[in-house]
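*Asks:* If you scroll down you'll find the structure; I have some questions about it.
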Amino acid sequence: MMTKCPHCRHSYRYKELLPFSWRSRIGVVCSNCNQTSYLSAKFKKQSTIIAVITPILIFSLNVFEVPIQLMFVILLVFLCALIFAQPFWVRLSKEEEPLW
């Protein structure tokens with residue numbers, strides 16, 4: 001299920017939400033109601049966890065003495081999967097929410 005605009009409940013398309021995976025944006029403007037929606041605090045926290053998981057994955061692959069070529073392929077697949085799956089868990093709010 002794709003994310004909906006918190007103002008008008010318009011459902012965003014996958015390609016509208018995909019840029020959130022690699023660009024930091026302040027908000028997204030709804031094509032239906034022209035209101036700006038912002039990333040929710042919960043989504044921002046979940047995205048931060050990804051930054052913690054990646055070094056842990058690198059360390060664990062290093063502990064098990066995985067060859068560097070295979071480690072590179074595993075990390076590339078992992079990061080691509082995260083980038084292309086992220087639009088499915090994007091959550092928006094009506095206003096900018098603080099992280100704390």
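Identifiers in the structure tokens: chain A, B, ... in order shown; residue index from 1 per chain; ligand index from 1 in order shown.
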Which residues in chain A does DSSP call strand (DSSP E)? List them as number ranges by chain.

*Replies:* A: 27-29, 36-39, 92-93

*Asks:* Deliver the residues from the most recent selection as a file, using C-alpha atoms, as a compact mmCIF listing (two decimals), in the first residue's frame.

*Replies:*
# COMPACT_ATOMS: atom_id res chain seq x y z
CA GLY A 27 8.65 18.13 1.84
CA VAL A 28 6.66 16.79 -1.07
CA VAL A 29 3.93 18.74 -2.81
CA THR A 36 3.18 20.26 1.20
CA SER A 37 3.55 17.08 3.24
CA TYR A 38 6.62 16.28 5.34
CA LEU A 39 8.41 13.09 6.31
CA LEU A 92 4.08 11.63 5.64
CA SER A 93 2.64 14.15 8.06

*Asks:* Would you write out, as a tab-separated table, a table of all residues in region 71-98 of chain A that have an atom no more than 10 Å from an atom of region 13-22 of chain A, listing for each the closest atom pair and the distance in Å to one decimal, considering only C-alpha atoms and ordering rows by chain and rising residue number?

*Replies:*
residue	atom	partner	partner_atom	distance
A:Cys80	CA	A:Ser21	CA	9.8
A:Leu82	CA	A:Ser21	CA	8.2
A:Ile83	CA	A:Ser21	CA	5.2
A:Phe84	CA	A:Leu18	CA	7.0
A:Ala85	CA	A:Leu18	CA	8.7
A:Gln86	CA	A:Ser21	CA	6.2
A:Pro87	CA	A:Leu17	CA	5.3
A:Phe88	CA	A:Tyr14	CA	7.8
A:Trp89	CA	A:Leu17	CA	9.9
A:Val90	CA	A:Leu17	CA	7.6

*Asks:* If you count only C-alpha atoms, which residues fall within 12 Å of Ala51 (chain A), apart from same-chain ones fewer than 6 positions away, as a PyMOL selection string?

*Replies:* chain A and resi 44-45+57-58+79+82

*Asks:* I'd like to know which of A:Glu96, A:Thr48, A:Ile56, A:Arg9 is closest to Cys33 (chain A), using only C-alpha atoms.

*Replies:* A:Arg9

*Asks:* Return the single residue from A:Ala81, A:Lys94, A:Gln46, A:Ile53 that is closest to Pro6 (chain A), with distances computed using only C-alpha atoms.

*Replies:*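 Closest to Pro6 (chain A), using only C-alpha atoms: A:Lys94.
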